[in-house]
file final_14.txt (compact mmCIF, C-alpha atoms)
# COMPACT_ATOMS: atom_id res chain seq x y z
CA MET S 1 -47.75 -14.10 28.46
CA ILE S 2 -44.57 -14.27 30.53
CA PHE S 3 -45.03 -15.91 33.94
CA PHE S 4 -41.45 -15.77 35.19
CA GLY S 5 -38.19 -13.94 34.64
CA TRP S 6 -34.62 -13.53 35.85
CA GLY S 7 -31.74 -11.13 35.60
CA ARG S 8 -29.03 -9.13 37.33
CA ARG S 9 -29.32 -5.71 38.92
CA SER S 10 -27.23 -3.37 40.98
CA LYS S 11 -27.81 -0.64 43.54
CA THR S 12 -25.34 2.14 44.28
CA GLN S 13 -24.82 4.20 47.45
CA GLN S 14 -22.48 7.21 47.31
CA THR S 15 -20.12 7.09 50.32
CA SER S 16 -17.94 10.11 49.44
CA PRO S 17 -17.52 12.42 46.42
CA ASN S 18 -15.13 9.97 44.74
CA GLN S 19 -16.30 6.58 46.14
CA ALA S 20 -19.47 4.52 45.96
CA LEU S 21 -20.59 1.15 47.30
CA VAL S 22 -22.14 -1.08 44.62
CA LEU S 23 -24.36 -4.04 45.46
CA GLY S 24 -24.74 -6.50 42.58
CA PHE S 25 -27.26 -9.32 42.77
CA SER S 26 -29.16 -11.86 40.69
CA TYR S 27 -32.90 -12.39 40.92
CA PHE S 28 -35.71 -14.66 39.81
CA HIS S 29 -39.37 -13.62 39.84
CA ILE S 30 -42.77 -15.18 39.25
CA PHE S 31 -45.63 -12.99 38.01
CA TRP S 32 -43.66 -9.90 39.12
CA LEU S 33 -45.12 -10.48 42.58
CA PHE S 34 -42.64 -12.90 44.13
CA ARG S 35 -38.93 -12.11 43.77
CA VAL S 36 -35.97 -14.07 45.13
CA SER S 37 -32.55 -12.38 45.20
CA PHE S 38 -29.27 -14.27 45.51
CA GLY S 39 -25.56 -13.90 44.83
CA LEU S 40 -25.07 -10.62 46.70
CA ASN S 41 -21.71 -9.06 45.80
CA TYR S 42 -20.50 -5.80 47.31
CA SER S 43 -17.76 -3.80 45.62
CA LEU S 44 -16.20 -0.42 46.26
CA ALA S 45 -16.01 1.88 43.22
CA THR S 46 -13.42 4.67 43.22
CA LEU S 47 -13.31 7.52 40.69
CA THR S 48 -9.89 7.74 39.00
CA GLU S 49 -8.53 9.77 36.10
CA ALA S 50 -9.27 6.85 33.77
CA GLY S 51 -12.85 6.29 35.05
CA TRP S 52 -14.37 4.12 37.75
CA ALA S 53 -12.21 1.39 39.30
CA THR S 54 -13.96 -1.33 41.33
CA ARG S 55 -12.69 -3.85 43.84
CA PRO S 56 -14.42 -6.28 46.20
CA CYS S 57 -15.47 -4.70 49.48
CA PRO S 58 -14.55 -6.73 52.60
CA LEU S 59 -17.28 -7.38 55.18
CA SER S 60 -15.44 -5.49 57.95
CA LYS S 61 -15.34 -2.28 55.87
CA ARG S 62 -19.03 -2.55 54.93
CA ARG S 63 -20.10 -2.86 58.57
CA ARG S 64 -17.85 -0.08 59.76
CA SER S 65 -18.32 2.79 57.33
CA VAL S 66 -21.11 2.17 54.84
CA PRO S 67 -24.85 2.74 55.37
CA ARG S 68 -27.34 0.01 54.46
CA LEU S 69 -28.67 -0.05 50.92
CA HIS S 70 -32.47 -0.12 50.61

call {"tool": "encode", "arguments": {"input": "final_14.txt", "output": "structure tokens"}}
result
Amino acid sequence: MIFFGWGRRSKTQQTSPNQALVLGFSYFHIFWLFRVSFGLNYSLATLTEAGWATRPCPLSKRRRSVPRLH
């Protein structure tokens, strides 16, 4: 029986037809009841001809134009 686990996940929020905000984070859980998340990294993904291009998203841009991720 596994009592604990860890990993990385991401959540995505579409901000326009060709851009999305991506939140990447690490987590640790015990019994799937108690989860701790850390290492939050926001990046802005832009659709290009070659695919998705990502770059770090500065704090000022997140506060100004991007809704909260739930």

call {"tool": "atom_distance", "arguments": {"input": "final_14.txt", "atom1": "CA of Arg55 in chain S", "atom2": "CA of Tyr42 in chain S"}}
result
8.8 Å

call {"tool": "atom_distance", "arguments": {"input": "final_14.txt", "atom1": "CA of Ser16 in chain S", "atom2": "CA of Gly51 in chain S"}}
result
15.7 Å

call {"tool": "atom_distance", "arguments": {"input": "final_14.txt", "atom1": "CA of Phe25 in chain S", "atom2": "CA of Glu49 in chain S"}}
result
27.6 Å

call {"tool": "closest_residue", "arguments": {"input": "final_14.txt", "among": "S:Val36, S:Ala50, S:Leu44, S:Cys57", "to": "Gln13 in chain S", "atoms": "all atoms listed in the file"}}
result
S:Leu44

call {"tool": "closest_residue", "arguments": {"input": "final_14.txt", "among": "S:Ala53, S:Ile30, S:Leu40, S:Leu47", "to": "Asn18 in chain S", "atoms": "all atoms listed in the file"}}
result
S:Leu47

call {"tool": "residues_around", "arguments": {"input": "final_14.txt", "residues": "Arg9 in chain S", "least_positions_apart": "5", "cutoff": "12 Å", "atoms": "all atoms listed in the file", "output": "CSV table (one decimal) with C-alpha atoms, in the frame of the given file"}}
result
chain,number,residue,atom,x,y,z
S,22,VAL,CA,-22.1,-1.1,44.6
S,23,LEU,CA,-24.4,-4.0,45.5
S,24,GLY,CA,-24.7,-6.5,42.6
S,25,PHE,CA,-27.3,-9.3,42.8
S,26,SER,CA,-29.2,-11.9,40.7
S,27,TYR,CA,-32.9,-12.4,40.9
S,28,PHE,CA,-35.7,-14.7,39.8
S,37,SER,CA,-32.6,-12.4,45.2
S,38,PHE,CA,-29.3,-14.3,45.5
S,39,GLY,CA,-25.6,-13.9,44.8
S,40,LEU,CA,-25.1,-10.6,46.7
S,41,ASN,CA,-21.7,-9.1,45.8

call {"tool": "residues_around", "arguments": {"input": "final_14.txt", "residues": "Phe4 in chain S", "least_positions_apart": "6", "cutoff": "10 Å", "atoms": "all atoms listed in the file", "output": "ChimeraX atom specification"}}
result
/S:28-35

call {"tool": "residues_around", "arguments": {"input": "final_14.txt", "residues": "Gln19 in chain S", "least_positions_apart": "3", "cutoff": "6 Å", "atoms": "all atoms listed in the file", "output": "VMD selection string"}}
result
chain S and resid 15 to 16 45 to 46

call {"tool": "axis_aligned_box", "arguments": {"input": "final_14.txt", "around": "range 13-23 of chain S", "padding_each_side": "8 Å", "output": "lines of an AutoDock Vina configuration file"}}
result
center_x = -20.0
center_y = 4.2
center_z = 47.5
size_x = 25.7
size_y = 32.5
size_z = 21.7

call {"tool": "build_atoms", "arguments": {"input": "final_14.txt", "residues": "range 18-29 of chain S", "atoms": "all heavy atoms", "output": "PDB file, in the coordinates of the input"}}
result
ATOM      1  N   ASN S  18     -15.843  10.770  45.751  1.00  0.00           N
ATOM      2  CA  ASN S  18     -15.130   9.970  44.740  1.00  0.00           C
ATOM      3  C   ASN S  18     -15.227   8.463  44.990  1.00  0.00           C
ATOM      4  O   ASN S  18     -14.512   7.700  44.359  1.00  0.00           O
ATOM      5  CB  ASN S  18     -13.666  10.395  44.655  1.00  0.00           C
ATOM      6  CG  ASN S  18     -12.922  10.166  45.945  1.00  0.00           C
ATOM      7  OD1 ASN S  18     -13.524   9.922  46.981  1.00  0.00           O
ATOM      8  ND2 ASN S  18     -11.615  10.253  45.893  1.00  0.00           N
ATOM      9  N   GLN S  19     -16.128   8.008  45.893  1.00  0.00           N
ATOM     10  CA  GLN S  19     -16.300   6.580  46.140  1.00  0.00           C
ATOM     11  C   GLN S  19     -17.777   6.234  46.266  1.00  0.00           C
ATOM     12  O   GLN S  19     -18.586   7.052  46.706  1.00  0.00           O
ATOM     13  CB  GLN S  19     -15.597   6.134  47.426  1.00  0.00           C
ATOM     14  CG  GLN S  19     -14.111   6.024  47.292  1.00  0.00           C
ATOM     15  CD  GLN S  19     -13.499   5.358  48.507  1.00  0.00           C
ATOM     16  OE1 GLN S  19     -14.016   5.465  49.611  1.00  0.00           O
ATOM     17  NE2 GLN S  19     -12.395   4.669  48.289  1.00  0.00           N
ATOM     18  N   ALA S  20     -18.095   5.020  45.863  1.00  0.00           N
ATOM     19  CA  ALA S  20     -19.470   4.520  45.960  1.00  0.00           C
ATOM     20  C   ALA S  20     -19.429   3.035  46.268  1.00  0.00           C
ATOM     21  O   ALA S  20     -18.524   2.326  45.836  1.00  0.00           O
ATOM     22  CB  ALA S  20     -20.212   4.775  44.664  1.00  0.00           C
ATOM     23  N   LEU S  21     -20.425   2.570  47.017  1.00  0.00           N
ATOM     24  CA  LEU S  21     -20.590   1.150  47.300  1.00  0.00           C
ATOM     25  C   LEU S  21     -21.608   0.608  46.290  1.00  0.00           C
ATOM     26  O   LEU S  21     -22.674   1.184  46.100  1.00  0.00           O
ATOM     27  CB  LEU S  21     -21.104   0.935  48.710  1.00  0.00           C
ATOM     28  CG  LEU S  21     -21.329  -0.514  49.101  1.00  0.00           C
ATOM     29  CD1 LEU S  21     -20.000  -1.253  49.206  1.00  0.00           C
ATOM     30  CD2 LEU S  21     -22.090  -0.596  50.396  1.00  0.00           C
ATOM     31  N   VAL S  22     -21.265  -0.481  45.626  1.00  0.00           N
ATOM     32  CA  VAL S  22     -22.140  -1.080  44.620  1.00  0.00           C
ATOM     33  C   VAL S  22     -22.533  -2.474  45.087  1.00  0.00           C
ATOM     34  O   VAL S  22     -21.686  -3.284  45.434  1.00  0.00           O
ATOM     35  CB  VAL S  22     -21.416  -1.169  43.253  1.00  0.00           C
ATOM     36  CG1 VAL S  22     -22.320  -1.791  42.212  1.00  0.00           C
ATOM     37  CG2 VAL S  22     -20.932   0.203  42.807  1.00  0.00           C
ATOM     38  N   LEU S  23     -23.823  -2.728  45.114  1.00  0.00           N
ATOM     39  CA  LEU S  23     -24.360  -4.040  45.460  1.00  0.00           C
ATOM     40  C   LEU S  23     -24.888  -4.672  44.180  1.00  0.00           C
ATOM     41  O   LEU S  23     -25.823  -4.161  43.562  1.00  0.00           O
ATOM     42  CB  LEU S  23     -25.485  -3.922  46.483  1.00  0.00           C
ATOM     43  CG  LEU S  23     -26.308  -5.176  46.741  1.00  0.00           C
ATOM     44  CD1 LEU S  23     -25.441  -6.299  47.283  1.00  0.00           C
ATOM     45  CD2 LEU S  23     -27.455  -4.881  47.679  1.00  0.00           C
ATOM     46  N   GLY S  24     -24.275  -5.762  43.749  1.00  0.00           N
ATOM     47  CA  GLY S  24     -24.740  -6.500  42.580  1.00  0.00           C
ATOM     48  C   GLY S  24     -25.432  -7.772  43.031  1.00  0.00           C
ATOM     49  O   GLY S  24     -24.986  -8.423  43.973  1.00  0.00           O
ATOM     50  N   PHE S  25     -26.539  -8.115  42.381  1.00  0.00           N
ATOM     51  CA  PHE S  25     -27.260  -9.320  42.770  1.00  0.00           C
ATOM     52  C   PHE S  25     -28.021  -9.893  41.581  1.00  0.00           C
ATOM     53  O   PHE S  25     -28.293  -9.200  40.603  1.00  0.00           O
ATOM     54  CB  PHE S  25     -28.227  -9.046  43.927  1.00  0.00           C
ATOM     55  CG  PHE S  25     -29.274  -7.997  43.634  1.00  0.00           C
ATOM     56  CD1 PHE S  25     -30.530  -8.363  43.174  1.00  0.00           C
ATOM     57  CD2 PHE S  25     -29.006  -6.659  43.832  1.00  0.00           C
ATOM     58  CE1 PHE S  25     -31.492  -7.403  42.907  1.00  0.00           C
ATOM     59  CE2 PHE S  25     -29.952  -5.690  43.573  1.00  0.00           C
ATOM     60  CZ  PHE S  25     -31.206  -6.062  43.105  1.00  0.00           C
ATOM     61  N   SER S  26     -28.343 -11.164  41.681  1.00  0.00           N
ATOM     62  CA  SER S  26     -29.160 -11.860  40.690  1.00  0.00           C
ATOM     63  C   SER S  26     -30.543 -12.055  41.287  1.00  0.00           C
ATOM     64  O   SER S  26     -30.706 -12.085  42.501  1.00  0.00           O
ATOM     65  CB  SER S  26     -28.552 -13.214  40.359  1.00  0.00           C
ATOM     66  OG  SER S  26     -27.265 -13.054  39.831  1.00  0.00           O
ATOM     67  N   TYR S  27     -31.545 -12.190  40.424  1.00  0.00           N
ATOM     68  CA  TYR S  27     -32.900 -12.390  40.920  1.00  0.00           C
ATOM     69  C   TYR S  27     -33.686 -13.290  39.982  1.00  0.00           C
ATOM     70  O   TYR S  27     -33.351 -13.485  38.827  1.00  0.00           O
ATOM     71  CB  TYR S  27     -33.635 -11.058  41.112  1.00  0.00           C
ATOM     72  CG  TYR S  27     -33.901 -10.321  39.813  1.00  0.00           C
ATOM     73  CD1 TYR S  27     -35.072 -10.533  39.111  1.00  0.00           C
ATOM     74  CD2 TYR S  27     -32.985  -9.428  39.301  1.00  0.00           C
ATOM     75  CE1 TYR S  27     -35.321  -9.884  37.923  1.00  0.00           C
ATOM     76  CE2 TYR S  27     -33.221  -8.761  38.125  1.00  0.00           C
ATOM     77  CZ  TYR S  27     -34.392  -8.989  37.433  1.00  0.00           C
ATOM     78  OH  TYR S  27     -34.625  -8.339  36.257  1.00  0.00           O
ATOM     79  N   PHE S  28     -34.744 -13.847  40.529  1.00  0.00           N
ATOM     80  CA  PHE S  28     -35.710 -14.660  39.810  1.00  0.00           C
ATOM     81  C   PHE S  28     -37.078 -14.228  40.297  1.00  0.00           C
ATOM     82  O   PHE S  28     -37.282 -14.042  41.485  1.00  0.00           O
ATOM     83  CB  PHE S  28     -35.476 -16.144  40.107  1.00  0.00           C
ATOM     84  CG  PHE S  28     -36.488 -17.044  39.473  1.00  0.00           C
ATOM     85  CD1 PHE S  28     -36.372 -17.403  38.142  1.00  0.00           C
ATOM     86  CD2 PHE S  28     -37.554 -17.518  40.211  1.00  0.00           C
ATOM     87  CE1 PHE S  28     -37.314 -18.224  37.551  1.00  0.00           C
ATOM     88  CE2 PHE S  28     -38.503 -18.347  39.622  1.00  0.00           C
ATOM     89  CZ  PHE S  28     -38.377 -18.690  38.288  1.00  0.00           C
ATOM     90  N   HIS S  29     -38.039 -14.022  39.390  1.00  0.00           N
ATOM     91  CA  HIS S  29     -39.370 -13.620  39.840  1.00  0.00           C
ATOM     92  C   HIS S  29     -40.455 -14.424  39.120  1.00  0.00           C
ATOM     93  O   HIS S  29     -40.254 -14.931  38.018  1.00  0.00           O
ATOM     94  CB  HIS S  29     -39.615 -12.125  39.658  1.00  0.00           C
ATOM     95  CG  HIS S  29     -39.691 -11.679  38.235  1.00  0.00           C
ATOM     96  ND1 HIS S  29     -40.826 -11.792  37.490  1.00  0.00           N
ATOM     97  CD2 HIS S  29     -38.759 -11.125  37.430  1.00  0.00           C
ATOM     98  CE1 HIS S  29     -40.608 -11.310  36.279  1.00  0.00           C
ATOM     99  NE2 HIS S  29     -39.352 -10.909  36.209  1.00  0.00           N
TER     100      HIS S  29
END
